>>> print(open('run-v1.txt').read())   # compact mmCIF, C-alpha atoms
# COMPACT_ATOMS: atom_id res chain seq x y z
CA MET A 1 -5.50 9.24 -85.34
CA ARG A 2 -5.52 9.20 -89.10
CA TYR A 3 -2.19 9.60 -90.80
CA LYS A 4 -1.95 8.82 -94.46
CA ASP A 5 1.14 9.66 -96.49
CA GLY A 6 2.22 11.98 -93.71
CA TYR A 7 -1.06 13.91 -93.73
CA ASP A 8 -3.32 14.24 -90.73
CA PHE A 9 -6.86 15.48 -91.17
CA SER A 10 -8.23 15.28 -87.65
CA TYR A 11 -9.32 18.61 -86.23
CA LYS A 12 -11.55 19.86 -83.45
CA LEU A 13 -15.02 20.67 -84.80
CA SER A 14 -15.82 24.38 -84.88
CA VAL A 15 -19.11 26.25 -85.31
CA GLY A 16 -18.17 27.21 -88.87
CA GLN A 17 -17.38 23.61 -89.79
CA VAL A 18 -20.69 22.35 -88.38
CA ALA A 19 -22.60 25.08 -90.27
CA TRP A 20 -20.82 24.08 -93.49
CA ILE A 21 -21.43 20.33 -93.07
CA LEU A 22 -25.13 20.93 -92.25
CA HIS A 23 -25.45 23.18 -95.30
CA ARG A 24 -24.04 20.48 -97.57
CA LEU A 25 -26.21 17.73 -96.03
CA SER A 26 -29.39 19.85 -96.20
CA GLY A 27 -28.56 20.64 -99.83
CA LEU A 28 -28.27 16.92 -100.64
CA ALA A 29 -31.53 16.22 -98.80
CA LEU A 30 -33.25 18.94 -100.85
CA MET A 31 -31.93 17.45 -104.11
CA PHE A 32 -33.36 14.08 -103.03
CA TYR A 33 -36.69 15.72 -102.20
CA LEU A 34 -36.78 17.45 -105.58
CA GLY A 35 -36.44 14.07 -107.33
CA LEU A 36 -39.18 12.61 -105.16
CA HIS A 37 -41.42 15.60 -105.83
CA ILE A 38 -41.01 15.28 -109.60
CA TRP A 39 -41.79 11.57 -109.36
CA VAL A 40 -44.97 12.24 -107.35
CA ILE A 41 -46.21 14.90 -109.79
CA SER A 42 -45.34 12.70 -112.81
CA ASN A 43 -47.92 10.20 -111.51
CA LEU A 44 -50.57 12.64 -112.77
CA ASN A 45 -49.84 11.16 -116.23
CA GLY A 46 -51.44 7.90 -115.07
CA GLY A 47 -54.80 9.58 -114.46
CA PRO A 48 -56.64 10.50 -111.24
CA LEU A 49 -56.74 6.96 -109.85
CA ALA A 50 -53.01 6.40 -110.03
CA PHE A 51 -52.36 9.84 -108.51
CA ASN A 52 -54.77 9.21 -105.66
CA LYS A 53 -52.96 5.97 -104.89
CA VAL A 54 -49.66 7.83 -104.51
CA MET A 55 -51.29 10.58 -102.46
CA GLU A 56 -52.64 7.92 -100.10
CA LEU A 57 -49.09 6.78 -99.46
CA LEU A 58 -47.98 10.37 -98.87
CA ASN A 59 -50.77 10.89 -96.34
CA SER A 60 -49.41 8.11 -94.12
CA PRO A 61 -48.05 9.20 -90.68
CA VAL A 62 -44.45 8.39 -91.67
CA PHE A 63 -44.56 10.89 -94.54
CA LYS A 64 -46.26 13.51 -92.35
CA ILE A 65 -43.34 13.30 -89.89
CA LEU A 66 -40.84 13.35 -92.78
CA GLU A 67 -42.58 16.53 -93.99
CA ILE A 68 -41.78 18.23 -90.68
CA GLY A 69 -38.16 17.24 -91.27
CA LEU A 70 -38.31 18.64 -94.79
CA TRP A 71 -39.62 21.94 -93.41
CA GLY A 72 -36.68 22.08 -90.96
CA VAL A 73 -34.14 21.23 -93.70
CA ILE A 74 -35.53 23.93 -96.03
CA LEU A 75 -35.47 26.50 -93.20
CA TYR A 76 -31.85 25.71 -92.34
CA HIS A 77 -30.67 25.79 -95.95
CA VAL A 78 -32.42 29.11 -96.66
CA LEU A 79 -31.39 30.87 -93.46
CA ASN A 80 -27.79 29.63 -93.57
CA GLY A 81 -27.73 30.77 -97.20
CA ILE A 82 -28.66 34.24 -95.99
CA ARG A 83 -25.91 33.98 -93.35
CA LEU A 84 -23.40 33.17 -96.13
CA LEU A 85 -24.64 36.17 -98.14
CA LEU A 86 -24.12 38.37 -95.08
CA ILE A 87 -20.54 37.07 -94.84
CA ASP A 88 -20.08 37.73 -98.56
CA PHE A 89 -21.49 41.22 -98.80
CA ALA A 90 -21.94 42.69 -95.32
CA GLY A 91 -18.74 41.87 -93.43
CA GLY A 92 -20.54 39.13 -91.49
CA ALA A 93 -17.39 37.01 -91.13
CA LYS A 94 -16.56 38.74 -87.83
CA TYR A 95 -19.89 37.63 -86.39
CA HIS A 96 -20.23 34.28 -88.19
CA LYS A 97 -20.59 32.29 -84.95
CA GLN A 98 -23.29 34.55 -83.52
CA LEU A 99 -25.03 34.48 -86.91
CA PHE A 100 -25.01 30.67 -86.84
CA TRP A 101 -26.69 30.59 -83.42
CA VAL A 102 -29.31 33.10 -84.61
CA VAL A 103 -29.98 30.84 -87.62
CA PHE A 104 -30.11 27.79 -85.33
CA LEU A 105 -32.60 29.45 -82.98
CA ILE A 106 -34.90 30.65 -85.77
CA VAL A 107 -34.83 27.20 -87.41
CA LEU A 108 -35.69 25.56 -84.09
CA ILE A 109 -38.60 27.93 -83.31
CA LEU A 110 -40.08 27.89 -86.83
CA THR A 111 -39.72 24.10 -87.15
CA VAL A 112 -41.67 23.61 -83.92
CA LEU A 113 -44.31 26.20 -84.92
CA GLY A 114 -44.60 24.67 -88.39
CA ALA A 115 -44.90 21.17 -86.96
CA ILE A 116 -48.19 22.07 -85.22
CA PRO A 117 -50.42 22.09 -88.35
CA PHE A 118 -48.73 18.89 -89.59
CA LEU A 119 -49.41 17.16 -86.29
CA HIS A 120 -53.01 18.44 -86.29
CA HIS A 121 -53.43 16.90 -89.70
CA LEU A 122 -51.88 13.67 -88.43
CA GLY A 123 -54.33 13.63 -85.52
CA GLY A 124 -57.23 14.21 -87.90
CA LEU A 125 -56.31 11.09 -89.84
CA LYS A 126 -56.93 8.78 -86.93
CA MET B 1 1.42 21.52 -60.41
CA LYS B 2 2.24 18.88 -63.01
CA LYS B 3 0.77 18.45 -66.47
CA ARG B 4 1.12 15.60 -68.91
CA PHE B 5 2.34 16.44 -72.41
CA GLU B 6 1.55 13.87 -75.07
CA ILE B 7 3.78 14.70 -77.99
CA PHE B 8 3.73 13.39 -81.55
CA ARG B 9 6.99 11.68 -82.42
CA TYR B 10 8.08 10.48 -85.83
CA ASN B 11 11.54 9.98 -87.23
CA PRO B 12 11.18 8.67 -90.80
CA GLU B 13 14.73 7.25 -90.70
CA THR B 14 14.12 4.93 -87.74
CA ASP B 15 10.34 4.75 -87.07
CA LYS B 16 7.92 2.81 -89.23
CA LYS B 17 4.93 4.64 -87.81
CA PRO B 18 4.34 7.85 -85.87
CA TYR B 19 3.64 7.44 -82.16
CA PHE B 20 2.90 9.57 -79.09
CA LYS B 21 5.29 9.95 -76.17
CA SER B 22 4.24 11.30 -72.76
CA TYR B 23 6.26 13.68 -70.61
CA GLU B 24 5.38 14.95 -67.13
CA VAL B 25 6.39 18.59 -66.66
CA GLU B 26 6.15 20.81 -63.59
CA VAL B 27 4.24 23.87 -64.87
CA TYR B 28 4.07 27.37 -63.41
CA GLU B 29 1.91 30.46 -63.93
CA GLY B 30 2.91 32.22 -67.17
CA MET B 31 4.72 29.18 -68.64
CA THR B 32 4.09 28.85 -72.37
CA LEU B 33 3.86 25.62 -74.30
CA LEU B 34 7.14 26.56 -75.97
CA ASP B 35 8.77 26.86 -72.51
CA ALA B 36 7.47 23.37 -71.74
CA LEU B 37 8.82 21.98 -75.03
CA ASN B 38 12.18 23.65 -74.32
CA TYR B 39 12.18 22.08 -70.83
CA ILE B 40 11.49 18.64 -72.34
CA ARG B 41 14.22 19.04 -74.95
CA TRP B 42 16.84 20.48 -72.58
CA GLU B 43 16.14 18.40 -69.45
CA ILE B 44 14.32 15.18 -70.40
CA ASP B 45 14.64 14.14 -74.03
CA GLY B 46 17.14 15.83 -76.33
CA THR B 47 15.81 14.08 -79.42
CA LEU B 48 12.53 16.06 -79.53
CA THR B 49 12.49 18.18 -82.70
CA TYR B 50 10.48 21.36 -83.26
CA ARG B 51 10.91 24.80 -84.83
CA ARG B 52 11.23 27.86 -82.65
CA SER B 53 12.92 31.22 -82.75
CA CYS B 54 11.61 34.45 -81.24
CA ARG B 55 9.35 33.05 -78.44
CA SER B 56 7.23 36.23 -78.67
CA ALA B 57 4.68 35.48 -81.43
CA ILE B 58 6.37 37.43 -84.21
CA CYS B 59 8.57 34.94 -86.13
CA GLY B 60 5.82 32.40 -86.86
CA SER B 61 8.02 29.33 -86.43
CA CYS B 62 6.30 27.40 -83.65
CA ALA B 63 2.79 26.88 -85.07
CA MET B 64 1.54 23.39 -84.16
CA LYS B 65 -1.62 21.49 -83.34
CA ILE B 66 -2.38 21.92 -79.65
CA ASN B 67 -5.25 19.83 -78.26
CA GLY B 68 -6.83 19.55 -81.72
CA ARG B 69 -6.47 23.16 -82.89
CA THR B 70 -3.62 24.97 -84.59
CA TYR B 71 -1.96 27.86 -82.78
CA LEU B 72 1.45 29.20 -81.79
CA ALA B 73 3.19 27.28 -79.00
CA CYS B 74 4.77 30.50 -77.70
CA LYS B 75 1.38 32.25 -77.43
CA THR B 76 -0.32 29.41 -75.55
CA GLN B 77 0.03 29.50 -71.77
CA VAL B 78 -0.14 26.00 -70.32
CA ILE B 79 -2.19 27.03 -67.25
CA LYS B 80 -4.24 30.05 -68.39
CA ASP B 81 -5.09 28.89 -71.95
CA ILE B 82 -5.31 25.11 -71.41
CA LYS B 83 -7.58 24.03 -68.58
CA SER B 84 -6.98 20.32 -69.06
CA ASP B 85 -4.06 18.54 -67.32
CA HIS B 86 -3.45 16.62 -70.50
CA ILE B 87 -1.91 18.50 -73.43
CA LYS B 88 -1.68 16.81 -76.83
CA VAL B 89 0.85 18.35 -79.20
CA GLU B 90 0.97 17.41 -82.89
CA PRO B 91 2.54 18.88 -86.04
CA LEU B 92 0.46 21.16 -88.29
CA PRO B 93 -2.12 19.07 -90.17
CA GLY B 94 -2.14 19.20 -93.96
CA TYR B 95 1.63 19.42 -94.39
CA GLU B 96 4.14 16.65 -94.97
CA ILE B 97 5.90 15.73 -91.73
CA ILE B 98 9.70 15.95 -91.78
CA LYS B 99 10.40 14.94 -88.19
CA ASP B 100 8.40 15.12 -84.95
CA LEU B 101 6.74 18.57 -84.93
CA VAL B 102 8.60 19.89 -87.98
CA VAL B 103 6.61 20.03 -91.24
CA ASP B 104 7.54 20.83 -94.83
CA MET B 105 6.35 24.40 -95.49
CA ASP B 106 7.48 24.57 -99.17
CA ASN B 107 3.92 24.20 -100.44
CA PHE B 108 2.81 27.10 -98.22
CA PHE B 109 5.45 29.49 -99.57
CA ASP B 110 4.97 28.34 -103.17
CA LYS B 111 1.30 29.32 -102.92
CA LEU B 112 2.27 32.65 -101.42
CA LYS B 113 4.58 33.35 -104.38
CA ARG B 114 1.75 32.58 -106.82
CA THR B 115 -0.16 35.67 -105.62
CA LYS B 116 2.76 38.02 -106.49
CA PRO B 117 3.36 39.26 -102.94
CA TYR B 118 5.35 42.36 -103.88
CA HIS B 119 4.54 45.88 -105.01
CA ILE B 120 3.79 46.18 -108.70
CA THR B 121 4.08 49.73 -110.03
CA HIS B 122 4.15 51.16 -113.55
CA LYS B 123 4.71 54.84 -112.77
CA ALA B 124 8.24 56.18 -112.46
CA PRO B 125 9.37 56.26 -108.82
CA PRO B 126 9.10 59.63 -107.06
CA GLU B 127 12.18 61.49 -105.85
CA LYS B 128 12.01 60.09 -102.30
CA GLU B 129 9.64 57.28 -101.34
CA ARG B 130 6.09 56.33 -102.33
CA LEU B 131 3.97 57.91 -99.64
CA GLN B 132 0.87 56.53 -98.00
CA SER B 133 -1.56 58.46 -95.81
CA PRO B 134 -2.61 57.09 -92.39
CA GLU B 135 -6.20 56.89 -93.76
CA ASP B 136 -5.11 54.64 -96.63
CA PHE B 137 -2.96 52.55 -94.31
CA LYS B 138 -6.11 51.60 -92.39
CA PHE B 139 -7.17 49.37 -95.32
CA ILE B 140 -4.10 47.15 -94.95
CA ASN B 141 -3.16 47.68 -91.29
CA GLU B 142 -4.62 44.40 -90.03
CA ALA B 143 -3.79 42.36 -93.14
CA ALA B 144 -0.14 43.42 -92.87
CA ASP B 145 0.11 41.81 -89.41
CA CYS B 146 0.44 38.32 -90.91
CA ILE B 147 3.56 36.50 -89.62
CA LEU B 148 3.32 33.57 -92.10
CA CYS B 149 3.12 30.91 -89.41
CA GLY B 150 0.83 28.69 -91.54
CA ALA B 151 -1.67 27.94 -88.76
CA CYS B 152 -4.62 29.21 -90.87
CA VAL B 153 -3.87 27.05 -93.92
CA SER B 154 -3.41 24.09 -91.62
CA ALA B 155 -6.82 24.68 -89.99
CA CYS B 156 -8.68 25.08 -93.31
CA PRO B 157 -10.80 22.11 -94.53
CA SER B 158 -10.71 23.48 -98.09
CA SER B 159 -6.91 23.38 -97.97
CA TRP B 160 -6.89 19.75 -96.79
CA ALA B 161 -9.19 18.75 -99.64
CA GLY B 162 -7.56 20.77 -102.42
CA LYS B 163 -3.78 20.62 -102.62
CA ASP B 164 -3.76 23.47 -105.14
CA TYR B 165 -6.11 25.76 -103.22
CA LEU B 166 -4.24 29.00 -102.50
CA GLY B 167 -5.41 28.98 -98.88
CA PRO B 168 -6.15 31.75 -96.39
CA ALA B 169 -2.59 33.07 -95.95
CA ALA B 170 -1.92 33.58 -99.67
CA LEU B 171 -5.37 35.12 -100.21
CA LEU B 172 -4.82 37.48 -97.28
CA LYS B 173 -1.51 38.53 -98.83
CA ALA B 174 -3.24 39.07 -102.17
CA TYR B 175 -5.82 41.29 -100.45
CA LYS B 176 -3.07 43.23 -98.67
CA PHE B 177 -1.41 44.21 -101.95
CA CYS B 178 -4.67 44.74 -103.85
CA ALA B 179 -5.93 47.13 -101.16
CA ASP B 180 -2.64 49.02 -100.95
CA THR B 181 -3.11 52.45 -102.57
CA ARG B 182 0.53 52.55 -103.77
CA ASP B 183 0.18 49.27 -105.66
CA GLU B 184 -0.94 49.08 -109.32
CA GLY B 185 -0.97 45.31 -109.80
CA ALA B 186 -4.46 44.63 -108.45
CA ASP B 187 -5.79 43.45 -111.84
CA GLU B 188 -2.95 40.94 -112.28
CA ARG B 189 -3.46 39.58 -108.79
CA LEU B 190 -7.27 39.47 -109.01
CA ALA B 191 -6.95 37.43 -112.20
CA ILE B 192 -4.91 34.87 -110.25
CA VAL B 193 -7.30 34.60 -107.29
CA ASN B 194 -10.37 34.49 -109.57
CA ASP B 195 -10.06 30.74 -109.99
CA LYS B 196 -11.60 27.55 -108.66
CA ASN B 197 -8.45 27.19 -106.57
CA GLY B 198 -8.61 30.84 -105.54
CA VAL B 199 -11.19 32.78 -103.56
CA TRP B 200 -14.10 30.65 -104.78
CA ARG B 201 -12.83 27.55 -102.98
CA CYS B 202 -13.37 29.17 -99.57
CA HIS B 203 -16.55 27.80 -97.96
CA TYR B 204 -16.54 30.19 -94.98
CA THR B 205 -15.73 27.53 -92.42
CA ALA B 206 -13.77 30.37 -90.80
CA ASN B 207 -11.35 28.02 -89.00
CA CYS B 208 -8.58 30.35 -90.18
CA MET B 209 -9.84 33.19 -87.97
CA ASP B 210 -9.80 31.00 -84.85
CA ALA B 211 -6.34 29.70 -85.69
CA CYS B 212 -4.76 33.10 -86.42
CA PRO B 213 -2.44 34.08 -83.54
CA LYS B 214 -2.54 37.71 -84.70
CA ASP B 215 -6.38 37.77 -84.64
CA ILE B 216 -6.63 38.78 -88.30
CA LYS B 217 -10.18 38.43 -89.65
CA ILE B 218 -8.93 36.41 -92.64
CA THR B 219 -12.35 35.15 -93.76
CA ASP B 220 -13.57 38.73 -93.96
CA TYR B 221 -10.64 39.67 -96.22
CA ILE B 222 -11.40 36.73 -98.54
CA ALA B 223 -14.98 38.07 -98.76
CA ARG B 224 -13.56 41.53 -99.59
CA LEU B 225 -11.41 40.02 -102.36
CA ARG B 226 -14.59 38.45 -103.80
CA ASN B 227 -16.27 41.84 -103.63
CA MET B 228 -13.36 43.43 -105.51
CA LEU B 229 -13.80 40.78 -108.23
CA VAL B 230 -17.56 41.29 -108.45
CA GLN B 231 -17.21 45.07 -108.63
CA ASN B 232 -14.54 44.78 -111.34
CA LYS B 233 -16.90 42.71 -113.49
CA LEU B 234 -19.74 45.23 -113.06
>>> encode(input="run-v1.txt", output="structure tokens")
Amino acid sequence: MRYKDGYDFSYKLSVGQVAWILHRLSGLALMFYLGLHIWVISNLNGGPLAFNKVMELLNSPVFKILEIGLWGVILYHVLNGIRLLLIDFAGGAKYHKQLFWVVFLIVLILTVLGAIPFLHHLGGLK
Amino acid sequence: MKKRFEIFRYNPETDKKPYFKSYEVEVYEGMTLLDALNYIRWEIDGTLTYRRSCRSAICGSCAMKINGRTYLACKTQVIKDIKSDHIKVEPLPGYEIIKDLVVDMDNFFDKLKRTKPYHITHKAPPEKERLQSPEDFKFINEAADCILCGACVSACPSSWAGKDYLGPAALLKAYKFCADTRDEGADERLAIVNDKNGVWRCHYTANCMDACPKDIKITDYIARLRNMLVQNKL
């Protein structure tokens, strides 16, 4: 129970709320990735040796698994963005819950399918 | 069959902090939550305070938070709609609490007034009344069902975060008058809702649609208002 100055903000989570929170979090994750990406590319300034050193780090198993996560985050942000456009322009608000589950299913399937090449690559490293 | 009602109690004159009080009530098929509250007030504890009037989902007085979601007490059947034996009743979230389940709705009606919820016309009135065809009425039929209970605004995360956000009810009202073919004030109203505290603050959480006891697709009407704005600019 959270009551502050007579206000209470607790509420049962709904599909729409979850979709919104995930959209915000995936957006933040993408901003973080963008910064990281720029940093990695900026290492080209240091010449081929310095760049290769960074690429070695990025080829470690931890980063390969993080890349699968990045793929999932991008998929969710893009597909939920399309869901929001459908609500905006195509009267999708009436079906927003069904649309979320469609987005969820596609993200799940494509993340798993996309993970296969990453994992192959990971296996090849050993 | 008995069910336990855990009810939010707070009297600012005597209580330092809000607390929950439990009441056991014998429930029957067809009994609404409002019936149960009436039973508690009339038979068990006369100090329980809540708003009620028509008990048939048309006055919009008895909106409250029932097991974590906002809805009308008179439209919630305690056996058919609530499977659990434990029913938690709280005042509408997002409003200042006056006493027990009664909240201060001034903010809600102030926002409603900001959207100019009345017909604006510039032409001279016709001899009898301003007519509307059944086809044109279809645009506003659903939006006109709003009973101003406040459940949607109370369910809206954007409204909790932004005190000045117009909120679903006021935006629905703005749509209703903008879409009315007899009205000529659409431009005035669209200028008001075209604001960071207007339609653009809605993040399509769509809690308002679940909360609406009249099943109005409020989120869809906010999207239509946005479309009106976009088309005006083009």
>>> atom_distance(input="run-v1.txt", atom1="CA of Ile82 in chain A", atom2="CA of Gly27 in chain A")
14.1 Å
>>> residues_around(input="run-v1.txt", residues="Arg24 in chain A", least_positions_apart="6", cutoff="12 Å", atoms="all atoms listed in the file", output="NGL selection string")
(:A and (17-18 or 30-31 or 73 or 76-77 or 80-81)) or (:B and (203))
>>> residues_around(input="run-v1.txt", residues="range 183-194 of chain B", least_positions_apart="3", cutoff="7 Å", atoms="all atoms listed in the file", output="MDAnalysis selection string")
chainID B and resid 115:116 119:122 174 177:178 180 198:199 229
>>> atom_distance(input="run-v1.txt", atom1="CA of Ile87 in chain A", atom2="CA of Trp101 in chain A")
14.5 Å
>>> residues_around(input="run-v1.txt", residues="range 212-224 of chain B", least_positions_apart="5", cutoff="7 Å", atoms="all atoms listed in the file", output="JSON, numbers by chain")
{"A": [87, 88, 91, 93, 94], "B": [71, 72, 142, 143, 145, 146, 151, 152, 168, 171, 172, 175, 199, 204, 206]}
>>> closest_residue(input="run-v1.txt", among="B:Glu135, B:Glu96, B:Glu29, B:Asp85", to="Lys2 in chain B", atoms="all atoms listed in the file")
B:Asp85
>>> decode(input="run-v1.txt", residues="range 185-195 of chain B", atoms="all heavy atoms", output="short mmCIF file (atom, residue, chain, number, x, y, z; two decimals), in the first residue's frame")
data_model
loop_
_atom_site.label_atom_id
_atom_site.label_comp_id
_atom_site.auth_asym_id
_atom_site.auth_seq_id
_atom_site.Cartn_x
_atom_site.Cartn_y
_atom_site.Cartn_z
N GLY B 185 -17.39 24.44 -33.03
CA GLY B 185 -16.24 24.87 -32.21
C GLY B 185 -15.07 23.92 -32.24
O GLY B 185 -14.20 23.99 -31.38
N ALA B 186 -15.04 23.03 -33.25
CA ALA B 186 -13.99 21.99 -33.29
C ALA B 186 -12.60 22.62 -33.26
O ALA B 186 -11.72 22.13 -32.54
CB ALA B 186 -14.16 21.11 -34.51
N ASP B 187 -12.38 23.69 -34.00
CA ASP B 187 -11.04 24.30 -34.06
C ASP B 187 -10.58 24.80 -32.70
O ASP B 187 -9.44 24.60 -32.30
CB ASP B 187 -11.03 25.46 -35.06
CG ASP B 187 -11.19 24.95 -36.49
OD1 ASP B 187 -10.89 23.75 -36.70
OD2 ASP B 187 -11.62 25.72 -37.35
N GLU B 188 -11.51 25.45 -31.98
CA GLU B 188 -11.19 25.95 -30.63
C GLU B 188 -10.78 24.82 -29.72
O GLU B 188 -9.79 24.90 -28.99
CB GLU B 188 -12.45 26.58 -30.00
CG GLU B 188 -12.66 28.03 -30.33
CD GLU B 188 -13.98 28.52 -29.75
OE1 GLU B 188 -14.15 28.46 -28.53
OE2 GLU B 188 -14.85 28.94 -30.54
N ARG B 189 -11.58 23.73 -29.78
CA ARG B 189 -11.35 22.60 -28.89
C ARG B 189 -10.07 21.86 -29.28
O ARG B 189 -9.29 21.45 -28.41
CB ARG B 189 -12.54 21.66 -28.94
CG ARG B 189 -13.20 21.50 -27.61
CD ARG B 189 -14.47 20.71 -27.73
NE ARG B 189 -15.63 21.56 -27.61
CZ ARG B 189 -16.50 21.80 -28.56
NH1 ARG B 189 -16.33 21.26 -29.74
NH2 ARG B 189 -17.52 22.58 -28.35
N LEU B 190 -9.84 21.68 -30.58
CA LEU B 190 -8.63 20.97 -31.03
C LEU B 190 -7.38 21.72 -30.61
O LEU B 190 -6.36 21.13 -30.27
CB LEU B 190 -8.66 20.77 -32.54
CG LEU B 190 -9.64 19.69 -33.04
CD1 LEU B 190 -9.68 19.64 -34.55
CD2 LEU B 190 -9.27 18.32 -32.49
N ALA B 191 -7.48 23.07 -30.59
CA ALA B 191 -6.32 23.86 -30.15
C ALA B 191 -6.01 23.59 -28.68
O ALA B 191 -4.86 23.62 -28.26
CB ALA B 191 -6.60 25.34 -30.36
N ILE B 192 -7.05 23.31 -27.90
CA ILE B 192 -6.85 23.03 -26.46
C ILE B 192 -6.24 21.65 -26.25
O ILE B 192 -5.33 21.48 -25.44
CB ILE B 192 -8.18 23.16 -25.69
CG1 ILE B 192 -8.65 24.61 -25.70
CG2 ILE B 192 -8.04 22.67 -24.26
CD1 ILE B 192 -10.10 24.79 -25.36
N VAL B 193 -6.73 20.65 -27.01
CA VAL B 193 -6.21 19.28 -26.79
C VAL B 193 -4.88 19.05 -27.48
O VAL B 193 -4.18 18.10 -27.17
CB VAL B 193 -7.21 18.19 -27.23
CG1 VAL B 193 -8.51 18.32 -26.47
CG2 VAL B 193 -7.45 18.20 -28.72
N ASN B 194 -4.48 19.94 -28.39
CA ASN B 194 -3.19 19.82 -29.07
C ASN B 194 -2.11 20.42 -28.18
O ASN B 194 -1.60 21.51 -28.42
CB ASN B 194 -3.25 20.56 -30.42
CG ASN B 194 -1.99 20.37 -31.22
OD1 ASN B 194 -1.19 19.49 -30.92
ND2 ASN B 194 -1.80 21.20 -32.23
N ASP B 195 -1.75 19.68 -27.14
CA ASP B 195 -0.87 20.21 -26.10
C ASP B 195 -0.17 19.04 -25.45
O ASP B 195 -0.64 17.91 -25.54
CB ASP B 195 -1.75 20.95 -25.07
CG ASP B 195 -0.91 21.61 -23.99
OD1 ASP B 195 -0.30 22.63 -24.29
OD2 ASP B 195 -0.90 21.08 -22.87
#
